[in-house]
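Novice: File data-v6.csv below, CSV, C-alpha atoms and all ligand atoms:
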chain,number,residue,atom,x,y,z
G,1,LYS,CA,0.0,0.0,0.0
G,2,ILE,CA,1.3,3.4,-1.0
G,3,LEU,CA,0.8,6.8,0.7
G,4,ILE,CA,1.2,9.8,-1.7
G,5,THR,CA,1.7,13.3,-0.3
G,6,GLY,CA,0.9,16.2,-2.6
G,7,ALA,CA,-1.7,14.0,-4.4
G,8,LEU,CA,-3.6,17.0,-5.8
G,9,GLY,CA,-0.5,18.5,-7.5
G,10,GLN,CA,0.7,18.2,-11.1
G,11,ILE,CA,2.5,14.9,-10.6
G,12,GLY,CA,0.4,13.6,-7.7
G,13,SER,CA,-3.0,13.9,-9.4
G,14,GLU,CA,-1.9,11.7,-12.3
G,15,LEU,CA,0.3,9.4,-10.2
G,16,ILE,CA,-2.6,8.3,-8.0
G,17,THR,CA,-4.6,7.3,-11.1
G,18,LYS,CA,-1.7,5.4,-12.5
G,19,LEU,CA,-1.0,3.6,-9.2
G,20,ARG,CA,-4.6,2.8,-8.7
G,21,THR,CA,-4.6,1.1,-12.1
G,22,GLU,CA,-1.3,-0.7,-11.4
G,23,TYR,CA,-2.0,-1.8,-7.8
G,24,GLY,CA,-5.7,-1.4,-7.0
G,25,GLU,CA,-7.7,1.5,-5.7
G,26,SER,CA,-7.7,0.4,-2.1
G,27,ASN,CA,-3.9,0.2,-2.0
G,28,ILE,CA,-3.3,3.9,-2.8
G,29,VAL,CA,-3.8,6.4,0.0
G,30,ALA,CA,-4.0,9.9,-1.6
G,31,THR,CA,-3.2,12.8,0.8
G,32,ASP,CA,-2.9,16.6,0.4
G,33,ILE,CA,-3.2,19.7,2.5
G,34,ARG,CA,-6.8,20.1,1.4
G,35,PHE,CA,-9.6,17.6,1.1
G,36,SER,CA,-10.9,16.6,-2.4
G,37,GLU,CA,-14.4,15.1,-2.5
G,38,GLU,CA,-13.7,14.0,-6.1
G,39,GLU,CA,-10.6,12.1,-5.2
G,40,ALA,CA,-12.2,10.7,-2.1
G,41,GLN,CA,-14.8,9.1,-4.3
G,42,LYS,CA,-12.1,7.1,-6.1
G,43,GLY,CA,-10.2,5.7,-3.2
G,44,PRO,CA,-8.8,6.4,0.3
G,45,PHE,CA,-8.1,10.2,0.8
G,46,GLU,CA,-6.7,11.9,3.9
G,47,VAL,CA,-5.9,15.5,4.7
G,48,VAL,CA,-2.1,15.7,5.5
G,49,ASP,CA,0.0,18.8,6.0
G,50,VAL,CA,3.5,17.5,5.6
G,51,THR,CA,4.8,20.0,8.1
G,52,ASN,CA,3.0,18.0,10.7
G,53,PRO,CA,5.1,14.9,11.4
G,54,ASP,CA,2.5,13.2,13.7
G,55,ARG,CA,-0.2,13.4,11.0
G,56,ILE,CA,2.0,11.6,8.4
G,57,TYR,CA,2.9,8.9,10.9
G,58,GLN,CA,-0.8,8.5,12.0
G,59,VAL,CA,-2.1,8.1,8.4
G,60,ALA,CA,0.8,5.8,7.3
G,61,LYS,CA,0.2,3.6,10.4
G,62,ALA,CA,-3.6,3.6,10.2
G,63,HIS,CA,-3.5,2.5,6.5
G,64,GLN,CA,-0.6,0.2,7.1
G,65,VAL,CA,1.3,1.4,4.0
G,66,ASP,CA,4.6,0.0,2.9
G,67,THR,CA,5.7,2.9,0.7
G,68,ILE,CA,5.6,6.7,0.8
G,69,MET,CA,5.8,8.7,-2.4
G,70,HIS,CA,6.5,12.3,-1.2
G,71,LEU,CA,5.5,14.9,-3.8
G,72,ALA,CA,4.3,17.8,-1.6
G,73,ALA,CA,6.5,20.8,-2.4
G,74,LEU,CA,6.7,24.3,-3.6
G,75,LEU,CA,8.1,24.7,-7.1
G,76,SER,CA,10.9,27.0,-8.2
G,77,ALA,CA,9.3,30.3,-9.0
G,78,THR,CA,7.0,30.1,-5.9
G,79,ALA,CA,10.0,29.2,-3.7
G,80,GLU,CA,11.9,32.3,-4.9
G,81,LYS,CA,8.9,34.4,-3.8
G,82,MET,CA,8.8,32.9,-0.3
G,83,PRO,CA,12.2,31.2,0.4
G,84,LYS,CA,11.7,30.6,4.1
G,85,THR,CA,8.3,29.0,3.6
G,86,ALA,CA,9.8,26.9,0.8
G,87,TRP,CA,12.5,25.7,3.1
G,88,ASP,CA,9.9,24.8,5.8
G,89,ILE,CA,7.7,22.9,3.4
G,90,ASN,CA,10.3,21.4,1.0
G,91,MET,CA,12.9,20.4,3.7
G,92,GLY,CA,10.7,20.2,6.8
G,93,GLY,CA,8.2,18.1,4.9
G,94,LEU,CA,10.8,15.9,3.4
G,95,MET,CA,12.5,15.3,6.8
G,96,ASN,CA,9.1,14.5,8.4
G,97,ALA,CA,8.2,12.0,5.7
G,98,LEU,CA,11.7,10.4,5.8
G,99,GLU,CA,11.4,10.0,9.6
G,100,VAL,CA,8.1,8.1,9.2
G,101,ALA,CA,9.7,5.9,6.5
G,102,ARG,CA,12.5,5.1,8.9
G,103,GLU,CA,10.2,4.5,11.9
G,104,LEU,CA,7.8,2.2,9.9
G,105,ASN,CA,10.5,0.8,7.6
G,106,LEU,CA,8.8,2.0,4.4
G,107,GLN,CA,10.1,2.2,0.9
G,108,PHE,CA,10.5,5.9,-0.1
G,109,PHE,CA,10.3,8.0,-3.3
G,110,THR,CA,10.7,11.7,-3.7
G,111,PRO,CA,11.7,13.6,-6.9
G,112,SER,CA,14.6,15.8,-7.3
G,113,SER,CA,14.8,18.1,-10.4
G,114,ILE,CA,17.1,19.5,-13.0
G,115,GLY,CA,16.7,22.5,-10.7
G,116,ALA,CA,19.3,20.8,-8.5
G,117,PHE,CA,22.0,22.1,-10.9
G,118,GLY,CA,23.3,25.6,-11.1
G,119,PRO,CA,25.2,28.0,-13.4
G,120,SER,CA,28.6,26.3,-12.8
G,121,THR,CA,27.2,22.9,-13.7
G,122,PRO,CA,28.2,21.7,-17.3
G,123,LYS,CA,25.1,22.7,-19.3
G,124,ASP,CA,25.1,20.3,-22.2
G,125,SER,CA,24.5,16.6,-21.5
G,126,THR,CA,24.8,17.3,-17.8
G,127,PRO,CA,26.4,14.2,-16.2
G,128,GLN,CA,24.8,12.1,-13.5
G,129,ASP,CA,27.6,13.0,-11.1
G,130,THR,CA,28.7,16.6,-11.4
G,131,LEU,CA,29.0,20.0,-9.7
G,132,GLN,CA,25.8,21.1,-8.1
G,133,ARG,CA,25.8,24.8,-6.9
G,134,PRO,CA,22.1,25.9,-7.6
G,135,THR,CA,21.3,29.5,-7.1
G,136,THR,CA,17.6,29.1,-6.2
G,137,MET,CA,16.0,28.1,-3.0
G,138,TYR,CA,14.2,25.3,-4.8
G,139,GLY,CA,17.6,24.1,-6.1
G,140,VAL,CA,19.1,24.3,-2.6
G,141,ASN,CA,16.1,22.2,-1.4
G,142,LYS,CA,16.6,19.7,-4.2
G,143,VAL,CA,20.3,19.2,-3.6
G,144,ALA,CA,19.8,19.0,0.2
G,145,GLY,CA,16.9,16.6,-0.4
G,146,GLU,CA,19.1,14.3,-2.6
G,147,LEU,CA,21.8,14.2,0.1
G,148,LEU,CA,19.2,13.7,2.9
G,149,CYS,CA,17.6,10.7,1.1
G,150,ASP,CA,21.1,9.2,0.4
G,151,TYR,CA,21.9,9.7,4.1
G,152,TYR,CA,18.7,7.9,5.2
G,153,PHE,CA,19.6,5.0,3.0
G,154,GLN,CA,23.3,4.8,4.1
G,155,ARG,CA,22.7,5.5,7.9
G,156,PHE,CA,19.3,3.9,8.5
G,157,GLY,CA,18.8,1.5,5.6
G,158,VAL,CA,15.7,3.2,4.3
G,159,ASP,CA,15.1,2.1,0.7
G,160,THR,CA,15.0,5.7,-0.7
G,161,ARG,CA,14.8,6.2,-4.5
G,162,GLY,CA,14.3,9.3,-6.7
G,163,VAL,CA,14.9,10.9,-10.1
G,164,ARG,CA,15.8,14.4,-11.2
G,165,PHE,CA,12.7,15.4,-13.2
G,166,PRO,CA,12.9,17.8,-16.1
G,167,GLY,CA,10.0,20.1,-16.8
G,168,LEU,CA,6.9,18.0,-16.8
G,169,ILE,CA,4.2,18.5,-19.4
G,170,SER,CA,0.6,17.3,-18.8
G,171,TYR,CA,-3.0,18.2,-19.6
G,172,VAL,CA,-4.7,16.9,-16.4
G,173,THR,CA,-3.6,19.3,-13.7
G,174,PRO,CA,-1.6,22.4,-14.6
G,175,PRO,CA,1.6,22.9,-12.6
G,176,GLY,CA,1.7,25.8,-10.1
G,177,GLY,CA,4.6,28.1,-9.7
G,178,GLY,CA,7.2,26.4,-11.9
G,179,THR,CA,9.6,27.9,-14.3
G,180,THR,CA,8.9,25.3,-17.0
G,181,ASP,CA,5.2,26.0,-16.8
G,182,TYR,CA,5.4,27.9,-20.1
G,183,ALA,CA,5.6,24.6,-21.9
G,184,VAL,CA,2.2,23.6,-20.5
G,185,GLU,CA,0.5,27.0,-20.9
G,186,ILE,CA,1.5,27.1,-24.5
G,187,TYR,CA,-0.6,24.1,-25.3
G,188,TYR,CA,-3.7,25.4,-23.4
G,189,GLU,CA,-3.3,28.8,-25.3
G,190,ALA,CA,-2.8,27.0,-28.6
G,191,ILE,CA,-6.3,25.6,-28.2
G,192,LYS,CA,-7.9,28.6,-26.6
G,193,SER,CA,-6.5,31.4,-28.6
G,194,LYS,CA,-4.0,30.1,-31.2
G,195,ALA,CA,-1.4,32.4,-29.6
G,196,TYR,CA,0.9,32.4,-26.6
G,197,THR,CA,3.2,35.0,-25.1
G,198,SER,CA,6.2,33.2,-23.5
G,199,TYR,CA,7.8,34.5,-20.3
G,200,ILE,CA,10.9,32.5,-21.2
G,201,ALA,CA,13.1,33.9,-24.0
G,202,GLU,CA,13.5,32.4,-27.4
G,203,GLY,CA,16.5,30.1,-27.5
G,204,THR,CA,16.3,29.1,-23.8
G,205,TYR,CA,16.8,25.3,-23.8
G,206,MET,CA,15.5,23.2,-20.9
G,207,ASP,CA,14.8,19.5,-20.4
G,208,MET,CA,11.2,18.5,-20.7
G,209,MET,CA,9.2,15.3,-20.4
G,210,TYR,CA,5.6,14.2,-21.1
G,211,MET,CA,3.8,13.1,-17.9
G,212,PRO,CA,3.2,9.5,-18.9
G,213,ASP,CA,7.0,9.0,-19.3
G,214,ALA,CA,7.5,10.5,-15.8
G,215,LEU,CA,4.9,8.3,-14.2
G,216,HIS,CA,6.3,5.1,-15.9
G,217,ALA,CA,9.8,6.1,-14.7
G,218,ILE,CA,8.5,6.3,-11.0
G,219,VAL,CA,7.0,2.8,-11.2
G,220,GLN,CA,9.9,1.3,-13.0
G,221,LEU,CA,12.5,2.7,-10.5
G,222,MET,CA,10.5,1.6,-7.5
G,223,GLU,CA,10.2,-1.9,-8.9
G,224,ALA,CA,13.9,-2.1,-9.9
G,225,ASP,CA,16.2,-4.6,-8.4
G,226,PRO,CA,18.0,-2.7,-5.6
G,227,ALA,CA,21.2,-4.7,-6.2
G,228,LYS,CA,21.5,-2.9,-9.6
G,229,LEU,CA,21.2,0.6,-8.2
G,230,GLU,CA,24.6,2.3,-7.9
G,231,HIS,CA,22.8,5.7,-7.6
G,232,ARG,CA,19.6,6.1,-5.5
G,233,ASN,CA,17.9,9.4,-5.2
G,234,ALA,CA,18.8,11.6,-8.1
G,235,PHE,CA,18.8,9.7,-11.4
G,236,ASN,CA,19.0,12.1,-14.3
G,237,ILE,CA,16.1,11.4,-16.6
G,238,SER,CA,15.0,13.3,-19.7
G,239,ALA,CA,13.2,13.0,-22.9
G,240,ILE,CA,13.2,16.3,-24.7
G,241,SER,CA,15.6,19.3,-24.8
G,242,ALA,CA,13.6,22.2,-26.2
G,243,GLU,CA,13.3,26.0,-26.4
G,244,PRO,CA,10.0,27.9,-26.8
G,245,MET,CA,10.3,28.0,-30.6
G,246,ASP,CA,10.5,24.1,-30.8
G,247,PHE,CA,7.1,23.9,-29.1
G,248,ALA,CA,5.7,26.6,-31.5
G,249,LYS,CA,6.9,24.7,-34.5
G,250,ALA,CA,5.5,21.4,-33.2
G,251,ILE,CA,2.2,23.1,-32.5
G,252,GLN,CA,2.2,24.8,-36.0
G,253,ARG,CA,2.3,21.3,-37.6
G,254,HIS,CA,-1.2,20.9,-36.2
G,255,ILE,CA,-2.4,24.6,-35.9
G,256,PRO,CA,-0.6,26.4,-38.8
G,257,ASP,CA,-1.6,29.9,-37.8
G,258,PHE,CA,-0.5,29.5,-34.1
G,259,LYS,CA,1.5,32.6,-33.1
G,260,LEU,CA,4.3,32.7,-30.4
G,261,SER,CA,5.4,36.0,-29.0
G,262,PHE,CA,7.7,36.9,-26.1
G,263,HIS,CA,7.5,39.0,-22.9
G,264,VAL,CA,10.3,37.8,-20.7
G,265,ASP,CA,9.9,37.5,-17.0
G,266,PRO,CA,13.4,38.3,-15.6
G,267,VAL,CA,12.9,36.3,-12.4
G,268,ARG,CA,11.9,33.0,-14.2
G,269,GLN,CA,14.4,33.7,-17.0
G,270,LYS,CA,17.2,33.9,-14.5
G,271,ILE,CA,16.1,30.6,-13.0
G,272,ALA,CA,15.9,29.0,-16.4
G,273,ASP,CA,19.3,30.3,-17.4
G,274,SER,CA,20.9,28.7,-14.3
G,275,TRP,CA,19.6,25.2,-15.4
G,276,PRO,CA,21.1,22.8,-17.9
G,277,ASN,CA,20.3,22.8,-21.6
G,278,SER,CA,20.2,19.0,-21.8
G,279,ILE,CA,21.1,16.2,-19.4
G,280,ASP,CA,22.6,12.8,-19.7
G,281,SER,CA,20.2,9.9,-18.6
G,282,SER,CA,22.7,7.1,-19.2
G,283,ALA,CA,22.9,6.0,-15.5
G,284,ALA,CA,19.1,5.5,-15.3
G,285,GLU,CA,19.2,3.7,-18.6
G,286,ALA,CA,21.9,1.4,-17.4
G,287,GLU,CA,20.8,0.8,-13.8
G,288,TRP,CA,17.0,0.4,-14.2
G,289,GLY,CA,16.2,0.5,-18.0
G,290,PHE,CA,14.8,4.0,-18.2
G,291,LYS,CA,13.6,4.9,-21.7
G,292,ALA,CA,11.3,7.8,-22.6
G,293,LYS,CA,8.7,7.0,-25.2
G,294,TYR,CA,7.5,10.5,-26.2
G,295,ASP,CA,9.4,13.0,-28.3
G,296,ILE,CA,8.1,16.5,-28.8
G,297,ASP,CA,5.9,15.6,-31.8
G,298,ALA,CA,4.2,12.6,-30.1
G,299,MET,CA,3.7,14.7,-27.0
G,300,THR,CA,2.3,17.7,-29.0
G,301,LYS,CA,-0.2,15.5,-30.9
G,302,GLU,CA,-1.5,14.0,-27.7
G,303,MET,CA,-1.5,17.2,-25.7
G,304,LEU,CA,-3.5,19.1,-28.4
G,305,ASP,CA,-6.0,16.2,-28.9
G,306,ARG,CA,-6.6,15.9,-25.1
G,307,LEU,CA,-6.9,19.6,-24.5
G,308,GLU,CA,-9.3,20.0,-27.5
G,309,LEU,CA,-11.6,17.7,-25.6
G,310,LYS,CA,-10.9,19.1,-22.1
G,311,LEU,CA,-11.3,22.8,-23.1
G,312,LYS,CA,-14.4,22.3,-25.3
D,401,LIG,C1,9.7,23.9,-12.0
D,401,LIG,N1,8.4,22.2,-13.1
D,401,LIG,O1,9.7,24.6,-13.0
D,401,LIG,C2,9.4,22.4,-12.0
D,401,LIG,C3,10.6,21.6,-12.2
D,401,LIG,C4,12.6,21.3,-13.7
D,401,LIG,C5,11.4,22.1,-13.4
D,401,LIG,O2,11.4,21.5,-11.1
D,401,LIG,O3,10.1,24.4,-10.9
Could you take the file, read its structure, and then write that structure out as structure tokens?
Specialist:
Amino acid sequence: KILITGALGQIGSELITKLRTEYGESNIVATDIRFSEEEAQKGPFEVVDVTNPDRIYQVAKAHQVDTIMHLAALLSATAEKMPKTAWDINMGGLMNALEVARELNLQFFTPSSIGAFGPSTPKDSTPQDTLQRPTTMYGVNKVAGELLCDYYFQRFGVDTRGVRFPGLISYVTPPGGGTTDYAVEIYYEAIKSKAYTSYIAEGTYMDMMYMPDALHAIVQLMEADPAKLEHRNAFNISAISAEPMDFAKAIQRHIPDFKLSFHVDPVRQKIADSWPNSIDSSAAEAEWGFKAKYDIDAMTKEMLDRLELKLK
């Protein structure tokens, strides 16, 4: 049985659906800081504020879970607006969840991000093991989180696992407060108005991935043979390295008169400029068989088809 924190977020909202399909509805305990009647209709749902350690313990114990997937966090742009709150949630929440995993001997997943890299990290085909001096609070949280999860494995034997997600693109639940959110908004606007003004400048490359590939990676890593894992909590994974014009061109293959313009947001541009252009996923490929299925054209076709239905 799996407890998910942040179940109403961009990843969580789709991960609970995928896990209910994989493992059965009654085996997935969805939790978030607010109640969701809709989700509670589909399976166990509990209100959990991850800054309250006793609440995580109480719900994990009551439902007798054997795994925690900890997704509750503030993303990069929000974290820059409220760095102290971001530390309290991103680090306090992670420590609380890890402590419960230690006390109840649970398997543990939490994502890191390409945001764990900084301006001094090699930007092209960023290696699995390299310099990590991020310049954002989110990046500080992600590097510290990677190290904390490694520590809980080495010191307490907690089976912690994680990946560094690139920007995730999905049509179910929009992301909140991310830097890569432009790559989601562009599809919504392509359907709604056939035009989008990007807050990220032309030519700014970042790694991206379609949500189904991200969800498959989580299940695949959690089911991997631990003896094969040289790394644990910060596997580089990626599918697509793209800049705003790449998305515009892919969209124009379906909506020829789609127009992309630019109005750069200096805060989020600065964050994006500090991140890699492309990362090397070879460790994940070698240690647990990671392989992304969707390239930008396959993702674009599916995103536009699904949003056409959703936004009608
Ligand atoms: C963000 N979508 O923009 C998240 C993610 C790599 C990007 O961490 O903050």
Novice: If you count only C-alpha atoms, which residues fall within 6 Å of region 149-166 of chain G, apart from same-chain ones fewer than 6 positions away, as a ChimeraX atom specification?
Specialist: /G:102,107-114,207-208,232-236
Novice: Given the point (4.8, 0.5, 3.1) in the file's coordinates, find the residues that have an atom at most 8 Å from it, counting only C-alpha atoms, and give them as a ChimeraX atom specification.
Specialist: /G:1-3,60,64-68,104-107
Novice: Identify, on the basis of all atoms listed in the file, every residue whose closest approach to region 210-219 of chain G does not exceed 6 Å; exclude the query and any residue fewer than 4 positions from it along the same chain; express the result as an MDAnalysis selection string.
Specialist: chainID G and resid 168:170 292
Novice: Got time to write the residues from that selection, C-alpha atoms, as a PDB file, keeping the file's coordinate frame?
Specialist:
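Below you can see out-v6.pdb, which holds the result:
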ATOM      1  CA  LEU G 168       6.900  18.000 -16.800  1.00  0.00           C
ATOM      2  CA  ILE G 169       4.200  18.500 -19.400  1.00  0.00           C
ATOM      3  CA  SER G 170       0.600  17.300 -18.800  1.00  0.00           C
ATOM      4  CA  ALA G 292      11.300   7.800 -22.600  1.00  0.00           C
TER       5      ALA G 292
END
Novice: List all protein, DNA and RNA residues that have at least one atom no more than 10 Å from any atom of ligand LIG 401 (chain D), counting only C-alpha atoms and all ligand atoms, and write them as number ranges by chain.
Specialist: G: 10-11, 73-79, 111-117, 138-139, 142, 164-169, 175-184, 206-209, 268, 271-272, 275-276
Novice: Between G:Leu304, G:Ala40, G:Val140, G:Ile200, which has the minimum distance to Arg253 (chain G) (counting all atoms listed in the file)?
Specialist: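 Counting all atoms listed in the file, the residue closest to Arg253 (chain G) is G:Leu304.
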Novice: Please compute the CA of Gln220 (chain G)-CA of Phe290 (chain G) distance, one decimal, in Å.
Specialist: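 Straight-line distance from CA of Gln220 (chain G) to CA of Phe290 (chain G) works out to 7.6 Å.
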Novice: Leu8 (chain G): which residues within 10 Å, counting all atoms listed in the file, same-chain residues fewer than 5 positions away excluded, as a count of residues only?
Specialist: 15
Novice: Quick one: distance from CA of Tyr171 (chain G) to CA of Asp246 (chain G) in Å, one decimal?
Specialist: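 Spanning CA of Tyr171 (chain G) to CA of Asp246 (chain G) is a straight-line distance of 18.5 Å.
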Novice: What is the CA of Glu185 (chain G)-CA of Ser198 (chain G) distance in Å, reported with one decimal?
Specialist: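 Spanning CA of Glu185 (chain G) to CA of Ser198 (chain G) is a straight-line distance of 8.8 Å.
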Novice: Of the candidates G:Ser274, G:Gln128, G:Asn27, G:Gln252, which shows the shortest atom-to-atom distance to Ile4 (chain G), using all atoms listed in the file?
Specialist: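 Nearest to Ile4 (chain G): G:Asn27.
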Novice: Which residue out of G:Ile279, G:Met222, G:Ile296, G:Met137 has the minimum interatomic distance to Ile89 (chain G) when all atoms listed in the file are used?
Specialist: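 Using all atoms listed in the file, Ile89 (chain G) sits closest to G:Met137.
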Novice: Which residue gives the smallest distance to His231 (chain G) among G:Glu99, G:Val267, G:Leu147, G:Ala190, with all atoms listed in the file counted?
Specialist: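 Result for the nearest residue to His231 (chain G): G:Leu147.
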Novice: Need to verify the contact set: Asp297 (chain G), 9 Å, all atoms listed in the file, exclusion of same-chain residues closer than 3 positions in sequence. Can you return it as a VMD selection string?
Specialist: chain G and resid 247 250 to 251 253 294 300 to 302
Novice: Out of G:Gln41, G:Ala62, G:Ile56, G:His70, which residue has the shortest atom-to-atom distance to Ala7 (chain G) when counting all atoms listed in the file?
Specialist: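 Nearest to Ala7 (chain G): G:His70.
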